[in-house]
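Source file: data-v4.cif (mmCIF, C-alpha atoms and all ligand atoms)
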data_my_file
#
loop_
_atom_site.label_atom_id
_atom_site.label_comp_id
_atom_site.auth_asym_id
_atom_site.auth_seq_id
_atom_site.Cartn_x
_atom_site.Cartn_y
_atom_site.Cartn_z
CA MET P 1 77.87 -65.12 21.90
CA LYS P 2 80.08 -68.02 22.94
CA ILE P 3 83.44 -67.54 24.59
CA ASP P 4 86.36 -69.43 23.11
CA LYS P 5 87.85 -71.74 25.76
CA ASN P 6 91.33 -70.71 24.65
CA HIS P 7 90.61 -67.12 25.57
CA ILE P 8 89.73 -68.22 29.09
CA SER P 9 92.95 -70.27 29.32
CA ASP P 10 94.98 -67.30 28.09
CA HIS P 11 93.36 -65.11 30.71
CA ASN P 12 93.98 -67.69 33.44
CA ASN P 13 97.61 -68.16 32.40
CA GLY P 14 98.15 -64.44 32.78
CA HIS P 15 96.98 -64.62 36.40
CA LEU P 16 98.48 -67.98 37.26
CA ASP P 17 101.79 -67.13 39.01
CA LYS P 18 100.25 -64.68 41.44
CA HIS P 19 97.20 -66.90 41.96
CA ARG P 20 99.30 -70.01 42.74
CA GLN P 21 101.24 -68.18 45.45
CA GLU P 22 98.09 -66.81 47.05
CA PHE P 23 96.24 -70.10 46.91
CA GLU P 24 99.14 -72.10 48.36
CA PHE P 25 99.44 -69.69 51.26
CA LEU P 26 95.75 -70.07 52.16
CA GLU P 27 95.69 -73.80 51.46
CA LYS P 28 98.52 -74.29 53.99
CA ARG P 29 96.75 -72.19 56.57
CA LEU P 30 93.56 -74.28 56.31
CA ARG P 31 95.25 -77.66 55.96
CA ASP P 32 94.93 -78.78 59.58
CA THR P 33 91.46 -77.42 60.24
CA ASP P 34 88.15 -79.25 59.78
CA HIS P 35 87.58 -77.16 56.67
CA PRO P 36 90.58 -77.71 54.37
CA ALA P 37 90.56 -76.04 50.94
CA SER P 38 89.91 -79.41 49.26
CA LYS P 39 86.63 -79.83 51.17
CA ILE P 40 85.50 -76.27 50.42
CA LEU P 41 86.33 -76.74 46.74
CA ASP P 42 84.20 -79.90 46.64
CA ASN P 43 81.27 -78.19 48.33
CA LEU P 44 81.50 -75.18 46.02
CA SER P 45 80.59 -77.27 43.00
CA LYS P 46 77.24 -77.98 44.66
CA LEU P 47 76.51 -74.26 45.03
CA GLN P 48 74.59 -73.33 41.91
CA ILE P 49 72.68 -70.08 41.67
CA ALA P 50 69.73 -69.52 39.35
CA ILE P 51 69.67 -66.38 37.22
CA PRO P 52 66.23 -64.97 36.45
CA SER P 53 65.41 -64.32 32.83
CA TRP P 54 64.31 -60.78 33.73
CA ALA P 55 67.66 -59.67 35.17
CA LEU P 56 69.50 -59.45 31.86
CA GLY P 57 68.46 -55.98 30.77
CA SER P 58 68.66 -52.47 32.15
CA GLY P 59 64.98 -52.13 32.91
CA GLY P 60 65.05 -48.56 34.15
CA THR P 61 62.52 -46.96 36.45
CA ARG P 62 59.12 -45.44 35.81
CA PHE P 63 60.95 -42.14 35.31
CA GLY P 64 63.15 -43.23 32.48
CA ARG P 65 65.01 -45.96 30.74
CA PHE P 66 68.59 -45.74 29.55
CA PRO P 67 69.23 -48.74 27.32
CA ILE P 68 72.65 -50.29 27.61
CA GLY P 69 72.47 -52.06 24.24
CA GLY P 70 73.05 -55.68 23.37
CA GLN P 71 70.18 -56.91 25.53
CA PRO P 72 68.69 -60.30 24.69
CA ARG P 73 65.91 -60.22 22.08
CA ASN P 74 64.30 -63.52 22.98
CA LEU P 75 64.47 -66.48 25.36
CA GLU P 76 67.32 -68.12 23.44
CA GLU P 77 69.45 -65.00 23.84
CA LYS P 78 68.54 -64.76 27.53
CA MET P 79 69.87 -68.31 27.84
CA ALA P 80 72.99 -67.38 25.91
CA ASP P 81 73.68 -64.59 28.43
CA ILE P 82 73.24 -66.94 31.37
CA GLY P 83 75.37 -69.53 29.58
CA LEU P 84 78.13 -66.93 29.44
CA LEU P 85 77.74 -66.14 33.15
CA HIS P 86 78.01 -69.83 33.90
CA GLN P 87 80.97 -70.39 31.63
CA LEU P 88 82.94 -67.69 33.42
CA SER P 89 81.75 -68.27 37.01
CA GLN P 90 80.86 -71.99 36.97
CA MET P 91 78.18 -71.11 39.50
CA ALA P 92 75.19 -70.12 37.36
CA SER P 93 73.91 -73.29 35.70
CA ARG P 94 70.22 -72.56 36.29
CA ILE P 95 67.65 -70.26 34.73
CA SER P 96 64.40 -69.12 36.30
CA LEU P 97 61.61 -68.30 33.84
CA HIS P 98 58.70 -65.89 34.17
CA ILE P 99 55.47 -66.60 32.29
CA PRO P 100 54.14 -65.02 30.07
CA TRP P 101 57.41 -63.12 29.51
CA ASP P 102 59.20 -66.34 28.56
CA ILE P 103 56.58 -68.53 26.93
CA PRO P 104 58.58 -71.31 25.24
CA GLU P 105 57.11 -71.39 21.71
CA ASP P 106 59.14 -74.46 20.77
CA VAL P 107 59.82 -76.52 23.89
CA GLU P 108 62.23 -78.95 22.23
CA LYS P 109 64.29 -76.11 20.81
CA ILE P 110 64.42 -74.35 24.18
CA LYS P 111 65.52 -77.57 25.89
CA ALA P 112 68.22 -78.09 23.27
CA THR P 113 69.45 -74.53 23.79
CA ALA P 114 69.57 -75.12 27.56
CA ASP P 115 71.65 -78.27 26.99
CA GLU P 116 73.97 -76.38 24.71
CA TYR P 117 74.76 -73.92 27.53
CA GLY P 118 74.67 -76.52 30.32
CA LEU P 119 71.62 -74.92 31.94
CA ALA P 120 68.75 -76.47 33.90
CA PHE P 121 65.36 -74.90 34.57
CA ASP P 122 64.96 -73.67 38.12
CA ALA P 123 61.73 -72.40 39.72
CA MET P 124 59.02 -71.13 37.37
CA ASN P 125 57.42 -67.75 38.15
CA SER P 126 53.84 -66.73 37.48
CA ASN P 127 52.71 -63.21 36.75
CA THR P 128 49.41 -61.94 38.13
CA PHE P 129 50.70 -58.43 38.80
CA GLN P 130 50.27 -57.22 35.21
CA ASP P 131 47.31 -57.41 32.86
CA GLN P 132 48.11 -59.09 29.56
CA PRO P 133 46.52 -58.03 26.26
CA GLY P 134 43.24 -59.83 25.63
CA GLN P 135 42.92 -61.04 29.23
CA ALA P 136 39.26 -61.41 30.35
CA HIS P 137 39.63 -59.96 33.87
CA SER P 138 41.91 -57.30 35.34
CA TYR P 139 44.27 -57.78 38.28
CA LYS P 140 43.84 -54.15 39.30
CA HIS P 141 42.23 -55.23 42.56
CA GLY P 142 44.17 -58.42 43.13
CA SER P 143 44.55 -61.93 41.77
CA LEU P 144 44.65 -64.99 44.06
CA SER P 145 43.00 -62.91 46.82
CA HIS P 146 40.47 -61.08 44.62
CA THR P 147 36.89 -60.63 45.83
CA ASP P 148 35.54 -61.91 42.48
CA PRO P 149 35.79 -65.70 42.03
CA ALA P 150 36.13 -65.25 38.25
CA VAL P 151 39.33 -63.24 38.71
CA ARG P 152 40.66 -65.79 41.16
CA ARG P 153 39.84 -68.56 38.69
CA GLN P 154 41.76 -66.78 35.94
CA ALA P 155 44.78 -66.28 38.22
CA ILE P 156 44.72 -69.90 39.43
CA ASN P 157 44.48 -71.15 35.84
CA HIS P 158 47.43 -68.97 34.88
CA ASN P 159 49.51 -70.51 37.69
CA LYS P 160 48.50 -74.00 36.55
CA GLU P 161 49.55 -73.14 33.02
CA VAL P 162 52.94 -71.97 34.32
CA ILE P 163 53.37 -75.34 36.08
CA ASP P 164 52.51 -77.11 32.81
CA TYR P 165 55.23 -75.19 30.95
CA GLY P 166 57.65 -76.01 33.76
CA VAL P 167 56.82 -79.72 33.56
CA GLN P 168 57.61 -79.73 29.84
CA LEU P 169 60.97 -78.07 30.50
CA GLY P 170 61.98 -80.25 33.45
CA SER P 171 61.59 -77.62 36.18
CA LYS P 172 60.73 -78.93 39.65
CA SER P 173 59.33 -75.90 41.44
CA MET P 174 57.06 -72.91 41.26
CA THR P 175 57.49 -69.53 42.96
CA VAL P 176 54.44 -67.44 43.72
CA TRP P 177 55.13 -63.81 44.48
CA LEU P 178 51.85 -62.03 44.95
CA ALA P 179 51.51 -58.29 44.46
CA ASP P 180 48.00 -58.40 45.96
CA GLY P 181 47.37 -55.75 48.57
CA SER P 182 45.66 -52.43 49.19
CA ASN P 183 46.59 -48.77 49.24
CA HIS P 184 43.93 -47.40 51.55
CA PRO P 185 42.85 -48.28 55.09
CA GLY P 186 39.50 -50.04 54.99
CA GLN P 187 39.80 -50.92 51.32
CA SER P 188 40.28 -54.62 51.92
CA ASN P 189 38.94 -57.19 54.35
CA LEU P 190 42.37 -58.35 55.49
CA SER P 191 41.38 -61.73 56.90
CA LYS P 192 39.10 -62.61 53.96
CA ALA P 193 41.87 -61.69 51.51
CA LEU P 194 44.25 -64.05 53.31
CA LYS P 195 41.69 -66.86 53.41
CA ARG P 196 40.97 -66.55 49.69
CA THR P 197 44.71 -66.59 48.97
CA GLY P 198 45.12 -69.81 50.95
CA GLU P 199 42.30 -71.44 48.99
CA SER P 200 43.81 -70.37 45.68
CA LEU P 201 47.25 -71.65 46.67
CA ALA P 202 45.75 -75.02 47.63
CA GLU P 203 44.42 -75.41 44.08
CA ILE P 204 47.75 -74.46 42.55
CA TYR P 205 49.53 -76.89 44.86
CA ALA P 206 47.17 -79.69 43.89
CA HIS P 207 48.06 -79.14 40.24
CA MET P 208 51.80 -79.70 40.83
CA PRO P 209 53.39 -83.10 40.12
CA ALA P 210 54.35 -85.05 43.26
CA ASP P 211 58.05 -84.18 42.95
CA TRP P 212 57.44 -80.43 42.70
CA SER P 213 57.79 -77.76 45.40
CA LEU P 214 55.86 -74.54 45.84
CA PHE P 215 57.72 -71.46 47.11
CA ILE P 216 55.65 -68.69 48.68
CA GLU P 217 57.46 -65.34 48.61
CA TYR P 218 56.62 -62.47 50.97
CA LYS P 219 57.22 -58.74 50.78
CA PRO P 220 56.18 -55.99 53.22
CA PHE P 221 55.07 -53.38 50.68
CA GLU P 222 55.20 -52.41 47.00
CA PRO P 223 53.39 -52.18 44.66
CA TYR P 224 50.79 -51.44 47.37
CA PHE P 225 51.60 -49.39 50.40
CA TYR P 226 48.89 -49.83 53.00
CA SER P 227 48.67 -53.64 53.11
CA THR P 228 50.12 -56.62 51.30
CA VAL P 229 48.37 -59.98 51.50
CA ILE P 230 51.64 -61.89 52.15
CA PRO P 231 53.74 -59.25 53.91
CA ASP P 232 56.10 -61.28 56.09
CA TRP P 233 57.68 -64.67 56.80
CA GLY P 234 55.03 -65.48 59.40
CA THR P 235 52.21 -65.20 56.87
CA SER P 236 54.24 -67.07 54.27
CA TYR P 237 55.05 -69.83 56.79
CA LEU P 238 51.40 -70.05 57.78
CA LEU P 239 50.27 -70.38 54.17
CA ALA P 240 53.03 -72.90 53.41
CA SER P 241 52.09 -75.01 56.44
CA ASP P 242 48.40 -74.95 55.54
CA THR P 243 49.10 -75.71 51.88
CA GLY P 244 51.19 -78.86 52.25
CA ASP P 245 54.49 -80.61 52.88
CA ARG P 246 56.00 -79.44 49.64
CA ALA P 247 55.03 -75.81 50.13
CA TYR P 248 57.80 -73.62 51.54
CA SER P 249 58.60 -70.01 52.35
CA LEU P 250 60.88 -68.03 50.08
CA VAL P 251 63.09 -65.34 51.57
CA ASP P 252 64.10 -62.42 49.34
CA LEU P 253 66.75 -60.26 51.01
CA GLY P 254 65.13 -57.03 49.84
CA HIS P 255 61.72 -57.93 51.24
CA HIS P 256 62.23 -56.79 54.82
CA LEU P 257 61.88 -53.53 56.63
CA PRO P 258 65.24 -51.91 57.46
CA ASN P 259 67.36 -53.74 60.07
CA THR P 260 65.18 -56.84 60.22
CA ASN P 261 67.21 -59.76 61.53
CA ILE P 262 67.00 -61.84 58.35
CA GLU P 263 69.50 -64.46 59.56
CA GLN P 264 67.14 -65.23 62.44
CA ILE P 265 64.23 -65.71 60.03
CA VAL P 266 66.41 -68.06 57.99
CA ALA P 267 67.35 -70.03 61.13
CA THR P 268 63.73 -70.32 62.24
CA LEU P 269 62.44 -71.45 58.83
CA ILE P 270 65.21 -74.04 58.38
CA SER P 271 64.60 -75.38 61.88
CA ARG P 272 61.02 -76.12 60.78
CA GLY P 273 62.06 -77.52 57.38
CA LYS P 274 60.23 -74.68 55.63
CA LEU P 275 62.87 -72.63 53.84
CA GLY P 276 62.45 -73.51 50.16
CA GLY P 277 63.92 -70.64 48.21
CA PHE P 278 66.20 -67.68 48.65
CA HIS P 279 66.52 -64.55 46.49
CA PHE P 280 69.85 -62.75 46.72
CA ASN P 281 70.28 -59.02 46.20
CA ASP P 282 71.14 -56.06 48.39
CA SER P 283 69.47 -52.82 49.32
CA LYS P 284 69.84 -49.50 51.05
CA PHE P 285 66.12 -48.98 51.59
CA ALA P 286 63.75 -51.76 50.49
CA ASP P 287 63.43 -53.86 47.34
CA ASP P 288 66.32 -52.06 45.64
CA ASP P 289 67.50 -55.28 43.95
CA ILE P 290 71.11 -54.11 43.67
CA THR P 291 74.43 -55.99 43.65
CA VAL P 292 74.68 -58.80 46.24
CA GLY P 293 76.96 -57.86 49.13
CA SER P 294 77.31 -54.23 48.06
CA ILE P 295 75.57 -52.73 51.10
CA LYS P 296 75.47 -55.31 53.88
CA PRO P 297 78.10 -57.97 53.19
CA TYR P 298 78.29 -58.90 56.89
CA GLN P 299 74.56 -59.60 57.01
CA LEU P 300 75.04 -62.02 54.12
CA PHE P 301 77.82 -63.75 56.05
CA LEU P 302 75.56 -64.14 59.11
CA ILE P 303 72.82 -65.57 56.88
CA PHE P 304 75.21 -68.10 55.31
CA MET P 305 76.33 -69.05 58.82
CA GLU P 306 72.72 -69.86 59.75
CA ILE P 307 72.26 -71.82 56.54
CA THR P 308 75.49 -73.77 57.15
CA GLN P 309 74.57 -74.62 60.75
CA GLY P 310 70.88 -75.16 60.03
CA MET P 311 71.46 -77.49 57.09
CA ALA P 312 74.07 -79.45 59.05
CA ALA P 313 71.61 -80.09 61.90
CA ASN P 314 68.41 -80.04 59.81
CA PRO P 315 65.92 -81.56 62.29
CA HIS P 316 62.92 -81.34 59.95
CA GLY P 317 64.66 -82.33 56.73
CA ASN P 318 64.76 -78.91 55.10
CA PRO P 319 65.30 -79.54 51.36
CA ASP P 320 68.26 -78.04 49.50
CA ILE P 321 67.55 -74.34 49.21
CA ALA P 322 66.78 -73.00 45.72
CA TYR P 323 69.06 -69.98 45.32
CA MET P 324 68.38 -67.22 42.82
CA ILE P 325 69.80 -63.74 42.26
CA ASP P 326 66.76 -61.47 42.13
CA ALA P 327 68.35 -58.35 40.76
CA SER P 328 67.31 -55.57 38.44
CA HIS P 329 69.55 -53.09 36.71
CA ASN P 330 69.15 -49.45 35.81
CA LEU P 331 72.65 -48.08 35.47
CA LYS P 332 75.14 -50.93 35.57
CA ASP P 333 75.83 -53.49 32.86
CA PRO P 334 73.59 -56.39 33.96
CA LEU P 335 76.09 -59.11 33.06
CA ALA P 336 79.01 -57.46 34.82
CA ASP P 337 76.77 -56.85 37.82
CA LEU P 338 75.56 -60.46 37.95
CA LEU P 339 79.18 -61.63 37.84
CA GLU P 340 79.93 -59.35 40.79
CA SER P 341 76.94 -60.78 42.65
CA LEU P 342 78.02 -64.35 41.96
CA GLU P 343 81.49 -63.45 43.23
CA SER P 344 80.04 -62.05 46.40
CA ILE P 345 77.83 -65.10 47.01
CA GLY P 346 80.76 -67.46 46.46
CA LEU P 347 83.09 -65.52 48.77
CA THR P 348 80.53 -65.25 51.54
CA TYR P 349 79.65 -68.92 51.28
CA ILE P 350 83.36 -69.76 51.71
CA LYS P 351 83.75 -67.42 54.68
CA ALA P 352 80.82 -69.11 56.40
CA ALA P 353 82.53 -72.46 55.77
CA LEU P 354 85.64 -71.18 57.58
CA VAL P 355 83.80 -70.63 60.86
CA ASP P 356 84.92 -73.04 63.58
CA TYR P 357 81.40 -74.08 64.56
CA GLU P 358 82.52 -76.53 67.21
CA SER P 359 84.48 -73.92 69.14
CA LEU P 360 81.70 -71.42 68.54
CA GLU P 361 79.13 -73.74 70.06
CA GLN P 362 81.36 -74.32 73.04
CA ALA P 363 81.89 -70.58 73.54
CA ARG P 364 78.12 -70.08 73.30
CA GLU P 365 77.51 -72.73 75.94
CA GLU P 366 79.99 -70.97 78.21
CA ASN P 367 78.48 -67.57 77.42
CA ASP P 368 81.90 -66.38 76.34
CA ILE P 369 80.65 -63.60 74.13
CA SER P 370 83.95 -62.07 73.10
CA ARG P 371 85.27 -65.48 72.08
CA CYS P 372 82.14 -65.92 69.91
CA SER P 373 82.87 -62.60 68.21
CA ALA P 374 86.52 -63.53 67.71
CA ILE P 375 85.57 -66.80 66.02
CA LEU P 376 83.25 -64.98 63.61
CA GLN P 377 85.85 -62.33 62.82
CA ASP P 378 88.56 -64.91 62.26
CA ALA P 379 86.47 -66.36 59.44
CA TYR P 380 84.98 -63.16 58.10
CA GLN P 381 88.27 -61.25 57.84
CA THR P 382 90.01 -63.99 55.86
CA ASP P 383 90.70 -63.13 52.22
CA VAL P 384 89.15 -66.21 50.61
CA ARG P 385 89.35 -65.02 47.02
CA PRO P 386 92.11 -67.50 46.14
CA ILE P 387 89.76 -70.43 46.89
CA LEU P 388 87.00 -69.12 44.64
CA ARG P 389 89.53 -68.39 41.88
CA GLU P 390 90.98 -71.89 42.24
CA PHE P 391 87.47 -73.38 42.05
CA ARG P 392 86.78 -71.58 38.78
CA ARG P 393 90.20 -72.39 37.34
CA ARG P 394 89.74 -76.12 38.02
CA GLN P 395 86.24 -76.11 36.52
CA GLY P 396 87.29 -74.30 33.35
CA GLY P 397 85.95 -70.89 34.38
CA ALA P 398 87.83 -67.61 34.52
CA ILE P 399 90.13 -66.72 37.42
CA ASP P 400 88.71 -63.19 37.33
CA PRO P 401 85.33 -63.23 35.53
CA VAL P 402 84.62 -59.49 35.74
CA ALA P 403 88.08 -58.58 34.42
CA PHE P 404 87.70 -61.16 31.64
CA TYR P 405 84.29 -59.77 30.69
CA ARG P 406 85.81 -56.32 30.30
CA GLU P 407 89.01 -57.47 28.55
CA GLN P 408 86.97 -59.31 25.95
CA ASN P 409 84.64 -56.33 25.34
CA VAL P 410 81.68 -58.67 25.65
CA ARG P 411 79.09 -55.88 25.86
CA GLU P 412 80.48 -54.19 22.74
CA GLU P 413 80.26 -57.50 20.89
CA LEU P 414 76.68 -58.02 22.08
CA VAL P 415 75.72 -54.52 20.89
CA LYS P 416 77.15 -55.34 17.46
CA GLU P 417 75.23 -58.62 17.38
CA ARG P 418 71.90 -57.46 18.81
CA GLY P 419 71.77 -53.71 18.32
CA SER P 420 71.89 -50.71 20.64
CA ASP P 421 68.25 -50.73 21.78
CA SER P 422 67.37 -54.40 21.75
CA SER P 423 64.93 -55.85 24.25
CA ALA P 424 62.63 -58.76 25.03
CA SER P 425 59.53 -59.06 27.18
CA GLY P 426 60.33 -58.83 30.88
CA LEU P 427 63.46 -56.70 30.38
C1 LIG A 1 59.15 -59.05 43.55
O1 LIG A 1 59.42 -58.06 44.23
C2 LIG A 1 59.77 -60.33 43.82
O2 LIG A 1 61.09 -60.13 44.29
C3 LIG A 1 59.77 -61.42 42.73
O3 LIG A 1 60.57 -62.47 43.20
C4 LIG A 1 60.37 -61.06 41.40
O4 LIG A 1 61.28 -60.03 41.46
C5 LIG A 1 59.30 -60.73 40.40
O5 LIG A 1 58.45 -61.82 40.26
C6 LIG A 1 59.86 -60.37 39.05
O6 LIG A 1 59.08 -59.39 38.55
ZN ZN A 2 62.23 -61.98 44.74
ZN ZN A 3 61.50 -58.19 45.03
#

Is it possible to express this structure as C-alpha cells?
Amino acid sequence: MKIDKNHISDHNNGHLDKHRQEFEFLEKRLRDTDHPASKILDNLSKLQIAIPSWALGSGGTRFGRFPIGGQPRNLEEKMADIGLLHQLSQMASRISLHIPWDIPEDVEKIKATADEYGLAFDAMNSNTFQDQPGQAHSYKHGSLSHTDPAVRRQAINHNKEVIDYGVQLGSKSMTVWLADGSNHPGQSNLSKALKRTGESLAEIYAHMPADWSLFIEYKPFEPYFYSTVIPDWGTSYLLASDTGDRAYSLVDLGHHLPNTNIEQIVATLISRGKLGGFHFNDSKFADDDITVGSIKPYQLFLIFMEITQGMAANPHGNPDIAYMIDASHNLKDPLADLLESLESIGLTYIKAALVDYESLEQAREENDISRCSAILQDAYQTDVRPILREFRRRQGGAIDPVAFYREQNVREELVKERGSDSSASGL
C-alpha cells in the first residue's frame, strides 16, 4: 500500500496553523543557544533507524496468538510496510533482515523494491536458535558454542551464507545474537563454551568483506535460564576485542537485569570505540520488546546524552552507531506501535541535543550537583515535539504520523489487501 502524497499534504495543512505557532515559539527560544532549531533539524536527517523484518506482525506468545490482520505475506510486503513507516516518519529508511526468514529468492527484484521505497539494507541477522526443516544437525544444545564440531561447522556456515546474502543486497554489517546457554548447573563447561564461541566468531569475521562490521549482541537470560554464553557487555566486549577491529558490541535495551545503568555501559563502550549497534525497545521486566520510551523515557534520555557526548569526543573513533528498533507485538497494531517508537526516539534525541554540555561540564568540574540536575531538567522538560513535526513536514512526512495512520484507516486497507490472517515467516 502506497500513501498518496496529497493525502499527507492535506493532513499537514490541517495541522499547519497550530504547528507554526508552536514551532516559532520554540525556534525563538533556541535561537541564541549553541543548539538552534536549524542545527537540530540538520542533524535529525542523519538519524535513521532500521526496522527489523520480524517486527511487522503480532507474533503472540507461546500461550496464544491473536492475529491483527493485514500482516505482510512476503519480504516485498514487509518492505512495503517499512516504506510506509519511512514515508510518514522520514526516520525509517533501513530494513534489517533475518535469514532464513527473509531469504531473497530474486535479489534484483528485492533490490528494486527497496529502491522503490527508499530503503537500504541494514545489519543482517543469522538464526541458529531454531532448527530448520531438513537441517543436518540440531541446535538444541547450542550452535557456535556447541560441543560437537559438526554442529559448530553448520552454524558457522549458516552465518557465512547470511553474509553472502547481505553482500548481494548491499548490507555492510552482520549481527550475531546467540541463544546458546544452559538451563542446569553443571550442564555446560562455561569457559570451554566461551572459547568455542570465540573461535566460531573468528571464522565468521574472516568471511566478511573488509568494509563490513560484526555486531555481537548480549543478553543475560532467555531462552536459557541458568547460563547464557554471551550474557553481558563485558563478555561481548571481550569477544569483540579478540575478534578484530571491525567487531563491536551491540546493546539491546531489554537485555539487562532490572535497574542496570545502561547509559554507563554505552559511555564505556563508546570510549573504547566498541559500540557498534543499538536495539531500541522498552521493558518492565526483561526482554519485553515493547514501545520505546513507554516505561523508562528518562533512561533513554540519559543514554542519548552519553551517545551525544561520547560521539562528540570519540577518542577511539567509534563508528556511527547502527540503530534498530527491536520490538515485537502481541496486542498493539505493529505499524502504529513502530510509529510511536520512532516518535519517542526522535523526541529523546532532540532533548539530548538541548543539553548545555559546556555548562554541564563546568558544573561537574565544580561538583555543583544541583546545577547539573537543573541543566538536565531544563533540556528534558522542554516540549520538543514542534521540532520533530517541523522536520517531518520539511521532508515530506506527516506532521502527526500516528494520527495520519488512523485517519487513513491503513490497517483496514491492509486487511482488505492481504486478508485477516495473513503471515510470513518470522512474524
Ligand atoms: C533477541 O532477544 C535479540 O534481541 C535479537 O536481536 C533479535 O530480537 C532476534 O534475533 C530476533 O529473533
Ligand atoms: Zn535485539
Ligand atoms: Zn531481545

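Residues lying within 10 Å of P:Ile3, counting only C-alpha atoms and ignoring same-chain neighbours fewer than 2 positions away, are Met1, Lys5, Asn6, His7, Ile8, Gly83, Leu84, Gln87, Leu88, Tyr405, Gln408 and Val410 of chain P.
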
Residues within 9 Å of P:Thr243, please, as a tab-separated table (two decimals) with C-alpha atoms, keeping the file's coordinate frame. Count all atoms listed in the file; anything in the same chain fewer than 4 positions from it doesn't count.
chain	number	residue	atom	x	y	z
P	198	GLY	CA	45.12	-69.81	50.95
P	199	GLU	CA	42.30	-71.44	48.99
P	201	LEU	CA	47.25	-71.65	46.67
P	202	ALA	CA	45.75	-75.02	47.63
P	205	TYR	CA	49.53	-76.89	44.86
P	238	LEU	CA	51.40	-70.05	57.78
P	239	LEU	CA	50.27	-70.38	54.17
P	247	ALA	CA	55.03	-75.81	50.13
P	248	TYR	CA	57.80	-73.62	51.54

Could I get the residue neighbourhood of ligand ZN 2 (chain A) at 6 Å, counting all atoms listed in the file, as a PyMOL selection string?
-> chain P and resi 252+279+326

Give the residues close to ligand LIG 1 (chain A), within 10 Å, counting all atoms listed in the file; write them as a ChimeraX atom specification.
-> /P:52-55,97-99,101,124-130,175-179,216-223,250-255,278-281,286-289,324-328,426-427

Those residues you just picked out, can you put them in a file as a tab-separated table (two decimals), keeping the file's coordinate frame with C-alpha atoms?
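Writing the result to out-v9.tsv gives the following:
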chain	number	residue	atom	x	y	z
P	52	PRO	CA	66.23	-64.97	36.45
P	53	SER	CA	65.41	-64.32	32.83
P	54	TRP	CA	64.31	-60.78	33.73
P	55	ALA	CA	67.66	-59.67	35.17
P	97	LEU	CA	61.61	-68.30	33.84
P	98	HIS	CA	58.70	-65.89	34.17
P	99	ILE	CA	55.47	-66.60	32.29
P	101	TRP	CA	57.41	-63.12	29.51
P	124	MET	CA	59.02	-71.13	37.37
P	125	ASN	CA	57.42	-67.75	38.15
P	126	SER	CA	53.84	-66.73	37.48
P	127	ASN	CA	52.71	-63.21	36.75
P	128	THR	CA	49.41	-61.94	38.13
P	129	PHE	CA	50.70	-58.43	38.80
P	130	GLN	CA	50.27	-57.22	35.21
P	175	THR	CA	57.49	-69.53	42.96
P	176	VAL	CA	54.44	-67.44	43.72
P	177	TRP	CA	55.13	-63.81	44.48
P	178	LEU	CA	51.85	-62.03	44.95
P	179	ALA	CA	51.51	-58.29	44.46
P	216	ILE	CA	55.65	-68.69	48.68
P	217	GLU	CA	57.46	-65.34	48.61
P	218	TYR	CA	56.62	-62.47	50.97
P	219	LYS	CA	57.22	-58.74	50.78
P	220	PRO	CA	56.18	-55.99	53.22
P	221	PHE	CA	55.07	-53.38	50.68
P	222	GLU	CA	55.20	-52.41	47.00
P	223	PRO	CA	53.39	-52.18	44.66
P	250	LEU	CA	60.88	-68.03	50.08
P	251	VAL	CA	63.09	-65.34	51.57
P	252	ASP	CA	64.10	-62.42	49.34
P	253	LEU	CA	66.75	-60.26	51.01
P	254	GLY	CA	65.13	-57.03	49.84
P	255	HIS	CA	61.72	-57.93	51.24
P	278	PHE	CA	66.20	-67.68	48.65
P	279	HIS	CA	66.52	-64.55	46.49
P	280	PHE	CA	69.85	-62.75	46.72
P	281	ASN	CA	70.28	-59.02	46.20
P	286	ALA	CA	63.75	-51.76	50.49
P	287	ASP	CA	63.43	-53.86	47.34
P	288	ASP	CA	66.32	-52.06	45.64
P	289	ASP	CA	67.50	-55.28	43.95
P	324	MET	CA	68.38	-67.22	42.82
P	325	ILE	CA	69.80	-63.74	42.26
P	326	ASP	CA	66.76	-61.47	42.13
P	327	ALA	CA	68.35	-58.35	40.76
P	328	SER	CA	67.31	-55.57	38.44
P	426	GLY	CA	60.33	-58.83	30.88
P	427	LEU	CA	63.46	-56.70	30.38

Between atom CA of P:Ile369 and atom CA of P:Thr260, what is the distance, to one decimal in Å?
-> 21.9 Å

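Minimum distance to ligand ZN 3 (chain A) across P:Ile270, P:Ile290, P:Ala150, P:Ala313 (counting all atoms listed in the file) occurs at P:Ile290.
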
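Here the question is which of P:Arg94, P:Gly134, P:Arg152, P:Asp282 gets nearest to ligand ZN 3 (chain A) using all atoms listed in the file, and that residue is P:Asp282.
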
Pick the closest to ligand ZN 3 (chain A) from P:Arg406, P:Ser213, P:Ser283, P:Asn159: which is it, counting all atoms listed in the file?
-> P:Ser283

Rounded to one decimal in Å, what is the spacing between atom CA of P:Ser422 and atom CA of P:Glu340?
-> 23.3 Å
